file structure08.cif (mmCIF, C-alpha atoms, pLDDT in the B column; chains and numbers go by the auth columns)
data_work
#
loop_
_atom_site.group_PDB
_atom_site.id
_atom_site.type_symbol
_atom_site.label_atom_id
_atom_site.label_comp_id
_atom_site.label_asym_id
_atom_site.label_seq_id
_atom_site.Cartn_x
_atom_site.Cartn_y
_atom_site.Cartn_z
_atom_site.B_iso_or_equiv
_atom_site.auth_seq_id
_atom_site.auth_asym_id
ATOM 1 C CA MET A 1 2.827 56.861 14.993 80.00 1342 A
ATOM 2 C CA LYS A 2 5.765 54.539 15.600 89.00 1343 A
ATOM 3 C CA VAL A 3 9.196 55.235 14.132 93.00 1344 A
ATOM 4 C CA ALA A 4 12.203 52.899 14.228 95.00 1345 A
ATOM 5 C CA ILE A 5 15.827 54.019 14.130 96.00 1346 A
ATOM 6 C CA VAL A 6 18.321 51.195 13.549 96.00 1347 A
ATOM 7 C CA ASP A 7 21.847 52.541 13.874 94.00 1348 A
ATOM 8 C CA ARG A 8 24.873 51.120 15.685 92.00 1349 A
ATOM 9 C CA TYR A 9 26.187 54.657 16.228 92.00 1350 A
ATOM 10 C CA LEU A 10 24.486 55.808 19.432 92.00 1351 A
ATOM 11 C CA ILE A 11 25.247 59.504 18.976 93.00 1352 A
ATOM 12 C CA ASP A 12 23.621 59.480 15.536 93.00 1353 A
ATOM 13 C CA GLN A 13 20.645 57.597 16.984 93.00 1354 A
ATOM 14 C CA LYS A 14 20.070 60.268 19.603 93.00 1355 A
ATOM 15 C CA THR A 15 20.535 63.139 17.155 93.00 1356 A
ATOM 16 C CA LEU A 16 17.938 61.773 14.747 94.00 1357 A
ATOM 17 C CA SER A 17 15.514 60.884 17.542 93.00 1358 A
ATOM 18 C CA ASP A 18 15.765 64.391 19.022 91.00 1359 A
ATOM 19 C CA GLU A 19 15.125 65.983 15.621 90.00 1360 A
ATOM 20 C CA ILE A 20 12.053 63.815 14.953 88.00 1361 A
ATOM 21 C CA CYS A 21 10.573 64.637 18.357 85.00 1362 A
ATOM 22 C CA LYS A 22 11.317 68.321 17.889 83.00 1363 A
ATOM 23 C CA HIS A 23 9.383 68.430 14.633 78.00 1364 A
ATOM 24 C CA TYR A 24 6.403 66.603 16.106 69.00 1365 A
ATOM 25 C CA PHE A 25 6.135 68.239 19.527 63.00 1366 A
ATOM 26 C CA TYR A 26 7.231 71.834 18.932 58.00 1367 A
ATOM 27 C CA PRO A 27 5.869 74.463 18.750 51.00 1368 A
ATOM 28 C CA THR A 28 2.658 72.413 19.047 48.00 1369 A
ATOM 29 C CA LYS A 29 2.065 68.699 19.295 53.00 1370 A
ATOM 30 C CA LYS A 30 0.961 67.337 15.895 55.00 1371 A
ATOM 31 C CA GLU A 31 0.289 63.728 16.868 62.00 1372 A
ATOM 32 C CA ASP A 32 1.544 61.025 19.219 73.00 1373 A
ATOM 33 C CA VAL A 33 4.939 59.769 18.097 81.00 1374 A
ATOM 34 C CA PHE A 34 6.974 56.931 19.603 89.00 1375 A
ATOM 35 C CA VAL A 35 10.600 56.581 18.545 92.00 1376 A
ATOM 36 C CA TYR A 36 12.162 53.132 19.015 96.00 1377 A
ATOM 37 C CA GLN A 37 15.971 53.027 18.910 95.00 1378 A
ATOM 38 C CA PHE A 38 17.875 49.843 18.059 96.00 1379 A
ATOM 39 C CA ASP A 39 21.588 49.070 17.980 92.00 1380 A
ATOM 40 C CA ASP A 40 21.174 46.118 15.625 90.00 1381 A
ATOM 41 C CA ASN A 41 18.769 44.576 13.152 93.00 1382 A
ATOM 42 C CA LYS A 42 18.009 41.484 15.252 93.00 1383 A
ATOM 43 C CA GLU A 43 16.162 43.388 17.978 94.00 1384 A
ATOM 44 C CA PHE A 44 14.325 45.467 15.382 95.00 1385 A
ATOM 45 C CA ILE A 45 13.137 42.298 13.620 95.00 1386 A
ATOM 46 C CA GLU A 46 11.955 40.833 16.955 94.00 1387 A
ATOM 47 C CA TYR A 47 9.787 43.900 17.548 94.00 1388 A
ATOM 48 C CA MET A 48 8.222 43.539 14.105 92.00 1389 A
ATOM 49 C CA TYR A 49 7.379 39.901 14.807 91.00 1390 A
ATOM 50 C CA ASP A 50 5.846 41.021 18.108 89.00 1391 A
ATOM 51 C CA GLY A 51 3.382 43.115 16.095 86.00 1392 A
ATOM 52 C CA VAL A 52 4.789 46.628 16.487 89.00 1393 A
ATOM 53 C CA ASP A 53 3.524 48.557 13.462 87.00 1394 A
ATOM 54 C CA PHE A 54 6.262 50.985 12.435 91.00 1395 A
ATOM 55 C CA ARG A 55 5.293 53.636 9.923 88.00 1396 A
ATOM 56 C CA ILE A 56 8.855 54.757 9.119 91.00 1397 A
ATOM 57 C CA ALA A 57 12.090 52.787 9.552 94.00 1398 A
ATOM 58 C CA TYR A 58 15.407 54.665 9.487 95.00 1399 A
ATOM 59 C CA LEU A 59 18.112 52.086 8.714 95.00 1400 A
ATOM 60 C CA GLU A 60 21.885 52.596 8.814 94.00 1401 A
ATOM 61 C CA GLU A 61 22.830 51.344 5.365 89.00 1402 A
ATOM 62 C CA SER A 62 26.231 49.793 6.112 86.00 1403 A
ATOM 63 C CA SER A 63 24.808 47.412 8.725 83.00 1404 A
ATOM 64 C CA THR A 64 21.391 46.595 7.226 87.00 1405 A
ATOM 65 C CA ASP A 65 21.160 43.166 5.623 86.00 1406 A
ATOM 66 C CA LEU A 66 18.807 41.516 3.138 86.00 1407 A
ATOM 67 C CA VAL A 67 16.958 39.680 5.925 90.00 1408 A
ATOM 68 C CA THR A 68 15.869 43.011 7.425 91.00 1409 A
ATOM 69 C CA PHE A 69 14.530 44.276 4.117 89.00 1410 A
ATOM 70 C CA LYS A 70 12.632 41.041 3.455 87.00 1411 A
ATOM 71 C CA THR A 71 11.141 41.065 6.964 90.00 1412 A
ATOM 72 C CA ILE A 72 9.878 44.610 6.524 90.00 1413 A
ATOM 73 C CA GLN A 73 8.396 43.703 3.155 82.00 1414 A
ATOM 74 C CA GLU A 74 6.628 40.683 4.656 84.00 1415 A
ATOM 75 C CA LEU A 75 5.418 42.096 7.988 87.00 1416 A
ATOM 76 C CA LEU A 76 5.153 45.846 7.354 86.00 1417 A
ATOM 77 C CA PRO A 77 4.523 46.376 3.636 80.00 1418 A
ATOM 78 C CA ASN A 78 3.242 49.928 4.260 78.00 1419 A
ATOM 79 C CA CYS A 79 6.336 50.965 6.230 87.00 1420 A
ATOM 80 C CA ALA A 80 8.482 53.645 4.582 86.00 1421 A
ATOM 81 C CA ILE A 81 12.228 52.970 4.544 89.00 1422 A
ATOM 82 C CA VAL A 82 14.813 55.737 4.848 91.00 1423 A
ATOM 83 C CA LEU A 83 18.474 54.757 4.649 91.00 1424 A
ATOM 84 C CA LEU A 84 21.084 56.519 6.799 94.00 1425 A
ATOM 85 C CA THR A 85 24.579 56.993 5.418 92.00 1426 A
ATOM 86 C CA SER A 86 27.719 59.046 5.897 91.00 1427 A
ATOM 87 C CA ARG A 87 28.726 58.587 2.246 88.00 1428 A
ATOM 88 C CA ASN A 88 27.924 61.536 0.025 82.00 1429 A
ATOM 89 C CA ASP A 89 28.233 59.362 -3.101 80.00 1430 A
ATOM 90 C CA TYR A 90 25.917 56.615 -1.810 78.00 1431 A
ATOM 91 C CA ILE A 91 23.293 55.483 -4.332 70.00 1432 A
ATOM 92 C CA PRO A 92 20.537 53.387 -2.694 66.00 1433 A
ATOM 93 C CA LEU A 93 18.902 50.354 -4.244 60.00 1434 A
ATOM 94 C CA ASN A 94 15.177 50.442 -5.079 63.00 1435 A
ATOM 95 C CA ASN A 95 15.147 54.247 -4.949 63.00 1436 A
ATOM 96 C CA PHE A 96 14.918 54.325 -1.148 76.00 1437 A
ATOM 97 C CA ASP A 97 14.996 57.748 0.413 82.00 1438 A
ATOM 98 C CA ILE A 98 18.254 58.644 2.180 86.00 1439 A
ATOM 99 C CA LEU A 99 19.485 60.906 4.967 90.00 1440 A
ATOM 100 C CA THR A 100 23.152 61.857 4.869 91.00 1441 A
ATOM 101 C CA LYS A 101 25.204 62.337 8.020 93.00 1442 A
ATOM 102 C CA PRO A 102 25.787 64.804 9.598 92.00 1443 A
ATOM 103 C CA TYR A 103 22.048 65.379 9.542 92.00 1444 A
ATOM 104 C CA ASP A 104 20.416 68.490 8.202 88.00 1445 A
ATOM 105 C CA SER A 105 17.372 69.464 10.273 88.00 1446 A
ATOM 106 C CA GLN A 106 15.362 70.690 7.284 85.00 1447 A
ATOM 107 C CA ARG A 107 16.079 67.500 5.354 85.00 1448 A
ATOM 108 C CA ILE A 108 14.796 65.399 8.255 88.00 1449 A
ATOM 109 C CA TYR A 109 11.646 67.506 8.362 84.00 1450 A
ATOM 110 C CA ASP A 110 11.110 67.189 4.590 81.00 1451 A
ATOM 111 C CA THR A 111 11.483 63.407 4.804 81.00 1452 A
ATOM 112 C CA LEU A 112 8.943 63.186 7.629 81.00 1453 A
ATOM 113 C CA VAL A 113 6.407 65.334 5.798 76.00 1454 A
ATOM 114 C CA TYR A 114 6.798 63.306 2.614 73.00 1455 A
ATOM 115 C CA HIS A 115 6.365 59.913 4.221 76.00 1456 A
ATOM 116 C CA MET A 116 3.606 61.013 6.603 71.00 1457 A
ATOM 117 C CA ASP A 117 1.408 62.573 3.914 62.00 1458 A
ATOM 118 C CA ALA A 118 -1.628 60.271 3.903 52.00 1459 A
ATOM 119 C CA THR A 119 -2.934 61.773 0.652 47.00 1460 A
ATOM 120 C CA ARG A 120 0.243 60.948 -1.312 52.00 1461 A
ATOM 121 C CA ILE A 121 -0.519 57.315 -2.007 54.00 1462 A
ATOM 122 C CA LYS A 122 -3.362 54.925 -1.484 58.00 1463 A
ATOM 123 C CA PRO A 123 -2.669 52.457 1.342 63.00 1464 A
ATOM 124 C CA ARG A 124 -1.750 49.149 -0.292 67.00 1465 A
ATOM 125 C CA TYR A 125 -2.893 46.912 2.523 74.00 1466 A
ATOM 126 C CA ILE A 126 -5.232 46.705 5.485 80.00 1467 A
ATOM 127 C CA ARG A 127 -4.031 44.795 8.526 77.00 1468 A
ATOM 128 C CA VAL A 128 -6.496 42.185 9.776 83.00 1469 A
ATOM 129 C CA ASN A 129 -6.480 39.400 12.338 78.00 1470 A
ATOM 130 C CA GLU A 130 -6.836 35.821 11.153 76.00 1471 A
ATOM 131 C CA ARG A 131 -6.599 33.012 13.693 73.00 1472 A
ATOM 132 C CA ARG A 132 -4.617 35.249 16.068 68.00 1473 A
ATOM 133 C CA ARG A 133 -2.127 36.187 13.360 71.00 1474 A
ATOM 134 C CA ILE A 134 -1.723 39.414 11.443 71.00 1475 A
ATOM 135 C CA ARG A 135 -2.533 39.250 7.747 77.00 1476 A
ATOM 136 C CA TYR A 136 -2.377 41.951 5.067 76.00 1477 A
ATOM 137 C CA ILE A 137 -5.359 42.336 2.729 82.00 1478 A
ATOM 138 C CA ASP A 138 -4.910 44.179 -0.558 82.00 1479 A
ATOM 139 C CA THR A 139 -6.998 47.364 -0.296 84.00 1480 A
ATOM 140 C CA ASP A 140 -8.284 46.916 -3.841 87.00 1481 A
ATOM 141 C CA SER A 141 -9.819 43.551 -2.898 92.00 1482 A
ATOM 142 C CA VAL A 142 -11.883 45.039 -0.054 93.00 1483 A
ATOM 143 C CA TYR A 143 -15.589 45.534 -0.778 96.00 1484 A
ATOM 144 C CA TYR A 144 -16.661 47.220 2.423 95.00 1485 A
ATOM 145 C CA LEU A 145 -15.923 47.592 6.127 93.00 1486 A
ATOM 146 C CA GLU A 146 -18.580 47.176 8.774 93.00 1487 A
ATOM 147 C CA SER A 147 -18.532 48.114 12.448 91.00 1488 A
ATOM 148 C CA ASN A 148 -20.510 45.756 14.638 87.00 1489 A
ATOM 149 C CA TYR A 149 -20.449 44.992 18.372 82.00 1490 A
ATOM 150 C CA GLY A 150 -17.121 46.646 19.060 82.00 1491 A
ATOM 151 C CA LYS A 151 -15.267 45.165 16.076 88.00 1492 A
ATOM 152 C CA VAL A 152 -14.622 46.262 12.512 90.00 1493 A
ATOM 153 C CA TYR A 153 -15.136 43.565 9.888 92.00 1494 A
ATOM 154 C CA VAL A 154 -13.283 43.778 6.568 93.00 1495 A
ATOM 155 C CA HIS A 155 -15.276 42.125 3.780 94.00 1496 A
ATOM 156 C CA THR A 156 -13.721 40.889 0.542 95.00 1497 A
ATOM 157 C CA LYS A 157 -15.604 39.053 -2.194 92.00 1498 A
ATOM 158 C CA ASP A 158 -15.263 35.641 -0.561 90.00 1499 A
ATOM 159 C CA THR A 159 -14.108 36.200 3.018 92.00 1500 A
ATOM 160 C CA SER A 160 -14.647 38.430 6.037 92.00 1501 A
ATOM 161 C CA TYR A 161 -11.890 39.330 8.489 91.00 1502 A
ATOM 162 C CA VAL A 162 -11.699 41.129 11.805 90.00 1503 A
ATOM 163 C CA GLY A 163 -9.818 44.395 11.306 85.00 1504 A
ATOM 164 C CA GLU A 164 -6.807 45.279 13.436 73.00 1505 A
ATOM 165 C CA TYR A 165 -8.357 48.591 14.498 71.00 1506 A
ATOM 166 C CA ARG A 166 -11.318 48.388 16.874 67.00 1507 A
ATOM 167 C CA PHE A 167 -12.758 51.765 15.952 69.00 1508 A
ATOM 168 C CA TYR A 168 -14.512 52.513 12.692 69.00 1509 A
ATOM 169 C CA ARG A 169 -13.322 56.121 12.611 72.00 1510 A
ATOM 170 C CA GLN A 170 -9.691 54.978 12.280 71.00 1511 A
ATOM 171 C CA TYR A 171 -10.516 53.381 8.918 76.00 1512 A
ATOM 172 C CA ASP A 172 -12.836 56.229 7.968 71.00 1513 A
ATOM 173 C CA GLU A 173 -10.072 58.815 8.361 64.00 1514 A
ATOM 174 C CA LEU A 174 -7.583 56.702 6.403 64.00 1515 A
ATOM 175 C CA LEU A 175 -9.692 55.384 3.524 76.00 1516 A
ATOM 176 C CA CYS A 176 -12.244 58.098 2.767 68.00 1517 A
ATOM 177 C CA ILE A 177 -9.615 60.074 0.854 59.00 1518 A
ATOM 178 C CA HIS A 178 -8.693 57.014 -1.204 69.00 1519 A
ATOM 179 C CA GLY A 179 -11.894 55.912 -2.882 78.00 1520 A
ATOM 180 C CA PHE A 180 -13.959 54.673 0.058 87.00 1521 A
ATOM 181 C CA ILE A 181 -17.319 56.210 0.990 89.00 1522 A
ATOM 182 C CA SER A 182 -18.833 56.341 4.446 90.00 1523 A
ATOM 183 C CA ILE A 183 -22.580 55.753 4.032 93.00 1524 A
ATOM 184 C CA SER A 184 -23.388 55.378 7.723 92.00 1525 A
ATOM 185 C CA GLN A 185 -21.736 55.348 11.135 88.00 1526 A
ATOM 186 C CA SER A 186 -20.871 51.691 10.554 91.00 1527 A
ATOM 187 C CA LEU A 187 -20.414 51.153 6.789 93.00 1528 A
ATOM 188 C CA LEU A 188 -17.485 52.146 4.576 92.00 1529 A
ATOM 189 C CA ILE A 189 -17.651 51.079 0.895 94.00 1530 A
ATOM 190 C CA ASN A 190 -14.993 50.769 -1.802 92.00 1531 A
ATOM 191 C CA VAL A 191 -16.376 52.960 -4.594 91.00 1532 A
ATOM 192 C CA ASP A 192 -14.798 50.725 -7.259 90.00 1533 A
ATOM 193 C CA LYS A 193 -17.093 47.892 -6.176 94.00 1534 A
ATOM 194 C CA ILE A 194 -20.315 49.920 -6.548 94.00 1535 A
ATOM 195 C CA VAL A 195 -22.267 49.237 -9.737 93.00 1536 A
ATOM 196 C CA SER A 196 -25.231 51.516 -9.007 93.00 1537 A
ATOM 197 C CA SER A 197 -26.907 53.622 -6.352 94.00 1538 A
ATOM 198 C CA ASN A 198 -30.060 55.673 -5.977 94.00 1539 A
ATOM 199 C CA GLY A 199 -28.635 57.511 -2.987 94.00 1540 A
ATOM 200 C CA ILE A 200 -30.302 55.148 -0.533 95.00 1541 A
ATOM 201 C CA ASP A 201 -29.155 51.677 -1.548 97.00 1542 A
ATOM 202 C CA TYR A 202 -25.679 50.857 -2.880 96.00 1543 A
ATOM 203 C CA HIS A 203 -25.425 47.794 -5.128 96.00 1544 A
ATOM 204 C CA LEU A 204 -22.002 46.125 -5.226 96.00 1545 A
ATOM 205 C CA ASP A 205 -20.708 43.942 -8.039 94.00 1546 A
ATOM 206 C CA ASP A 206 -20.901 40.787 -5.901 94.00 1547 A
ATOM 207 C CA GLY A 207 -24.639 41.266 -5.344 95.00 1548 A
ATOM 208 C CA THR A 208 -24.388 42.867 -1.910 96.00 1549 A
ATOM 209 C CA ILE A 209 -26.833 45.719 -1.222 97.00 1550 A
ATOM 210 C CA LEU A 210 -25.983 48.205 1.524 97.00 1551 A
ATOM 211 C CA ARG A 211 -28.285 50.965 2.774 96.00 1552 A
ATOM 212 C CA ALA A 212 -27.107 54.459 3.673 96.00 1553 A
ATOM 213 C CA SER A 213 -28.264 56.038 6.902 94.00 1554 A
ATOM 214 C CA GLN A 214 -30.694 58.909 6.601 94.00 1555 A
ATOM 215 C CA ARG A 215 -28.202 61.317 8.125 92.00 1556 A
ATOM 216 C CA LYS A 216 -25.439 60.484 5.633 91.00 1557 A
ATOM 217 C CA ARG A 217 -27.459 59.878 2.462 93.00 1558 A
ATOM 218 C CA ALA A 218 -27.044 63.258 0.774 92.00 1559 A
ATOM 219 C CA GLU A 219 -23.346 63.626 1.593 88.00 1560 A
ATOM 220 C CA ALA A 220 -22.459 60.041 0.659 91.00 1561 A
ATOM 221 C CA PHE A 221 -24.302 60.185 -2.647 92.00 1562 A
ATOM 222 C CA ARG A 222 -22.569 63.450 -3.551 88.00 1563 A
ATOM 223 C CA TYR A 223 -19.164 61.867 -2.883 85.00 1564 A
ATOM 224 C CA TYR A 224 -20.160 58.803 -4.891 88.00 1565 A
ATOM 225 C CA GLN A 225 -21.027 60.935 -7.922 86.00 1566 A
ATOM 226 C CA GLN A 226 -17.776 62.896 -7.592 78.00 1567 A
ATOM 227 C CA PHE A 227 -15.685 59.729 -7.410 75.00 1568 A
ATOM 228 C CA LYS A 228 -17.409 58.275 -10.467 72.00 1569 A
ATOM 229 C CA GLU A 229 -16.670 61.417 -12.447 68.00 1570 A
ATOM 230 C CA SER A 230 -12.962 61.586 -11.593 58.00 1571 A
ATOM 231 C CA VAL A 231 -9.913 59.443 -10.861 47.00 1572 A
ATOM 232 C CA PRO A 232 -9.839 59.228 -7.053 41.00 1573 A
ATOM 233 C CA TYR A 233 -6.168 58.348 -6.693 41.00 1574 A
ATOM 234 C CA ILE A 234 -2.984 57.811 -8.665 34.00 1575 A
#
call {"tool": "encode", "arguments": {"input": "structure08.cif", "output": "structure tokens"}}
result
Amino acid sequence: MKVAIVDRYLIDQKTLSDEICKHYFYPTKKEDVFVYQFDDNKEFIEYMYDGVDFRIAYLEESSTDLVTFKTIQELLPNCAIVLLTSRNDYIPLNNFDILTKPYDSQRIYDTLVYHMDATRIKPRYIRVNERRRIRYIDTDSVYYLESNYGKVYVHTKDTSYVGEYRFYRQYDELLCIHGFISISQSLLINVDKIVSSNGIDYHLDDGTILRASQRKRAEAFRYYQQFKESVPYI
């Protein structure tokens, strides 16, 4: 996980960075976390254009401009924004989350838990590579993902893309709780695109037919029936 802190006040930068690392490494390491600290928005924007995929951006509100917000929206649409302020009466635009200085350790922890909860919202986009450039594909437009020869292909109705992640399991872990079904070690299907299944073959609404592996047939079909009987996400 990559976290950005953009704050011209170096002491506040270090305090927030130390708190984030404390929550993720102690008493036990929860996951790899990399905290990037920036004194200004320009350097932060350069890192985004270089392809660094930040999951949370902590931005000092008095020095953050419209260009920064638009760049995040364009390049990192799944990135959570938390505004940093020393004003107790500060009311953020667009209902952004805020952290008030001096920082409260529990509040920092609560913010991290909220924005890192993968089950809270369905990912809006999947990052793919197109002609050596990063592109964001709406998750709802994806029909299925397929692992083949060391790459993961993201298939929409009309186009196929090479996924940013090389390993199928990275998509499996992210999408299987949001309406996607793993029917084999190499196929992950959007349940909303399935029109019928007998537990072996899955028929999609574009005419595609995908076959489940023998090992995963029973489990996949059970999940398919459960998803069809309930609302998988809000």
call {"tool": "resolve_selection", "arguments": {"input": "structure08.cif", "expression": "the PyMOL selection byres ((chain A and resi 1378-1389) around 9)", "output": "PDB file with C-alpha atoms, keeping the file's coordinate frame"}}
result
ATOM      1  CA  VAL A1344       9.196  55.235  14.132  1.00 93.00           C
ATOM      2  CA  ALA A1345      12.203  52.899  14.228  1.00 95.00           C
ATOM      3  CA  ILE A1346      15.827  54.019  14.130  1.00 96.00           C
ATOM      4  CA  VAL A1347      18.321  51.195  13.549  1.00 96.00           C
ATOM      5  CA  ASP A1348      21.847  52.541  13.874  1.00 94.00           C
ATOM      6  CA  ARG A1349      24.873  51.120  15.685  1.00 92.00           C
ATOM      7  CA  TYR A1350      26.187  54.657  16.228  1.00 92.00           C
ATOM      8  CA  LEU A1351      24.486  55.808  19.432  1.00 92.00           C
ATOM      9  CA  GLN A1354      20.645  57.597  16.984  1.00 93.00           C
ATOM     10  CA  LYS A1355      20.070  60.268  19.603  1.00 93.00           C
ATOM     11  CA  SER A1358      15.514  60.884  17.542  1.00 93.00           C
ATOM     12  CA  VAL A1376      10.600  56.581  18.545  1.00 92.00           C
ATOM     13  CA  TYR A1377      12.162  53.132  19.015  1.00 96.00           C
ATOM     14  CA  TYR A1390       7.379  39.901  14.807  1.00 91.00           C
ATOM     15  CA  ASP A1391       5.846  41.021  18.108  1.00 89.00           C
ATOM     16  CA  GLY A1392       3.382  43.115  16.095  1.00 86.00           C
ATOM     17  CA  VAL A1393       4.789  46.628  16.487  1.00 89.00           C
ATOM     18  CA  ASP A1394       3.524  48.557  13.462  1.00 87.00           C
ATOM     19  CA  PHE A1395       6.262  50.985  12.435  1.00 91.00           C
ATOM     20  CA  LEU A1400      18.112  52.086   8.714  1.00 95.00           C
ATOM     21  CA  SER A1404      24.808  47.412   8.725  1.00 83.00           C
ATOM     22  CA  THR A1405      21.391  46.595   7.226  1.00 87.00           C
ATOM     23  CA  ASP A1406      21.160  43.166   5.623  1.00 86.00           C
ATOM     24  CA  VAL A1408      16.958  39.680   5.925  1.00 90.00           C
ATOM     25  CA  THR A1409      15.869  43.011   7.425  1.00 91.00           C
ATOM     26  CA  THR A1412      11.141  41.065   6.964  1.00 90.00           C
ATOM     27  CA  ILE A1413       9.878  44.610   6.524  1.00 90.00           C
ATOM     28  CA  LEU A1416       5.418  42.096   7.988  1.00 87.00           C
ATOM     29  CA  LEU A1417       5.153  45.846   7.354  1.00 86.00           C
TER      30      LEU A1417
END
call {"tool": "residues_near_point", "arguments": {"input": "structure08.cif", "point": "(-22.5, 45.9, 13.0)", "cutoff": "12 Å", "atoms": "only C-alpha atoms", "output": "mmCIF file with C-alpha atoms, in the coordinates of the input"}}
result
data_model
loop_
_atom_site.group_PDB
_atom_site.id
_atom_site.type_symbol
_atom_site.label_atom_id
_atom_site.label_comp_id
_atom_site.auth_asym_id
_atom_site.auth_seq_id
_atom_site.Cartn_x
_atom_site.Cartn_y
_atom_site.Cartn_z
ATOM 1 C CA LEU A 1486 -15.923 47.592 6.127
ATOM 2 C CA GLU A 1487 -18.580 47.176 8.774
ATOM 3 C CA SER A 1488 -18.532 48.114 12.448
ATOM 4 C CA ASN A 1489 -20.510 45.756 14.638
ATOM 5 C CA TYR A 1490 -20.449 44.992 18.372
ATOM 6 C CA GLY A 1491 -17.121 46.646 19.060
ATOM 7 C CA LYS A 1492 -15.267 45.165 16.076
ATOM 8 C CA VAL A 1493 -14.622 46.262 12.512
ATOM 9 C CA TYR A 1494 -15.136 43.565 9.888
ATOM 10 C CA VAL A 1495 -13.283 43.778 6.568
ATOM 11 C CA VAL A 1503 -11.699 41.129 11.805
ATOM 12 C CA PHE A 1508 -12.758 51.765 15.952
ATOM 13 C CA TYR A 1509 -14.512 52.513 12.692
ATOM 14 C CA SER A 1525 -23.388 55.378 7.723
ATOM 15 C CA GLN A 1526 -21.736 55.348 11.135
ATOM 16 C CA SER A 1527 -20.871 51.691 10.554
ATOM 17 C CA LEU A 1528 -20.414 51.153 6.789
ATOM 18 C CA LEU A 1529 -17.485 52.146 4.576
#
call {"tool": "residues_around", "arguments": {"input": "structure08.cif", "residues": "A:Ile1467", "least_positions_apart": "6", "cutoff": "7 Å", "atoms": "all atoms listed in the file", "output": "list in words"}}
result
Tyr1477, Ile1478, Asp1479 and Thr1480 of chain A
call {"tool": "closest_residue", "arguments": {"input": "structure08.cif", "among": "A:Asp1451, A:Asp1438, A:Glu1402, A:Asp1542", "to": "A:Phe1562", "atoms": "only C-alpha atoms"}}
result
A:Asp1542
call {"tool": "closest_residue", "arguments": {"input": "structure08.cif", "among": "A:Leu1545, A:Ile1522, A:Val1532, A:Thr1452", "to": "A:Arg1558", "atoms": "only C-alpha atoms"}}
result
A:Ile1522
call {"tool": "atom_distance", "arguments": {"input": "structure08.cif", "atom1": "atom CA of A:Ala1398", "atom2": "atom CA of A:Asn1470"}}
result
23.1 Å
call {"tool": "atom_distance", "arguments": {"input": "structure08.cif", "atom1": "atom CA of A:Asp1481", "atom2": "atom CA of A:Ser1501"}}
result
14.5 Å
call {"tool": "atom_distance", "arguments": {"input": "structure08.cif", "atom1": "atom CA of A:Glu1415", "atom2": "atom CA of A:Tyr1466"}}
result
11.6 Å
call {"tool": "closest_residue", "arguments": {"input": "structure08.cif", "among": "A:Glu1471, A:Asp1533, A:Asp1353, A:Asp1359", "to": "A:Phe1375", "atoms": "all atoms listed in the file"}}
result
A:Asp1359
call {"tool": "closest_residue", "arguments": {"input": "structure08.cif", "among": "A:Ile1541, A:Leu1357, A:Ile1535, A:Leu1440", "to": "A:Phe1568", "atoms": "all atoms listed in the file"}}
result
A:Ile1535
call {"tool": "resolve_selection", "arguments": {"input": "structure08.cif", "expression": "the PyMOL selection byres ((chain A and resi 1429) around 12)", "output": "list in words"}}
result
Leu1425, Thr1426, Ser1427, Arg1428, Asp1430, Tyr1431, Ile1432, Pro1433, Ile1439, Leu1440, Thr1441, Lys1442, Pro1443 and Tyr1444 of chain A
call {"tool": "closest_residue", "arguments": {"input": "structure08.cif", "among": "A:Met1342, A:Val1483, A:Ile1449, A:Ala1559", "to": "A:His1496", "atoms": "all atoms listed in the file"}}
result
A:Val1483
call {"tool": "closest_residue", "arguments": {"input": "structure08.cif", "among": "A:His1364, A:Lys1569, A:Arg1552, A:Arg1510", "to": "A:Ile1524", "atoms": "all atoms listed in the file"}}
result
A:Arg1552
call {"tool": "residues_around", "arguments": {"input": "structure08.cif", "residues": "A:Val1469", "least_positions_apart": "6", "cutoff": "7 Å", "atoms": "only C-alpha atoms", "output": "list in words"}}
result
Ile1475, Arg1476, Tyr1477, Tyr1502, Val1503, Gly1504 and Glu1505 of chain A
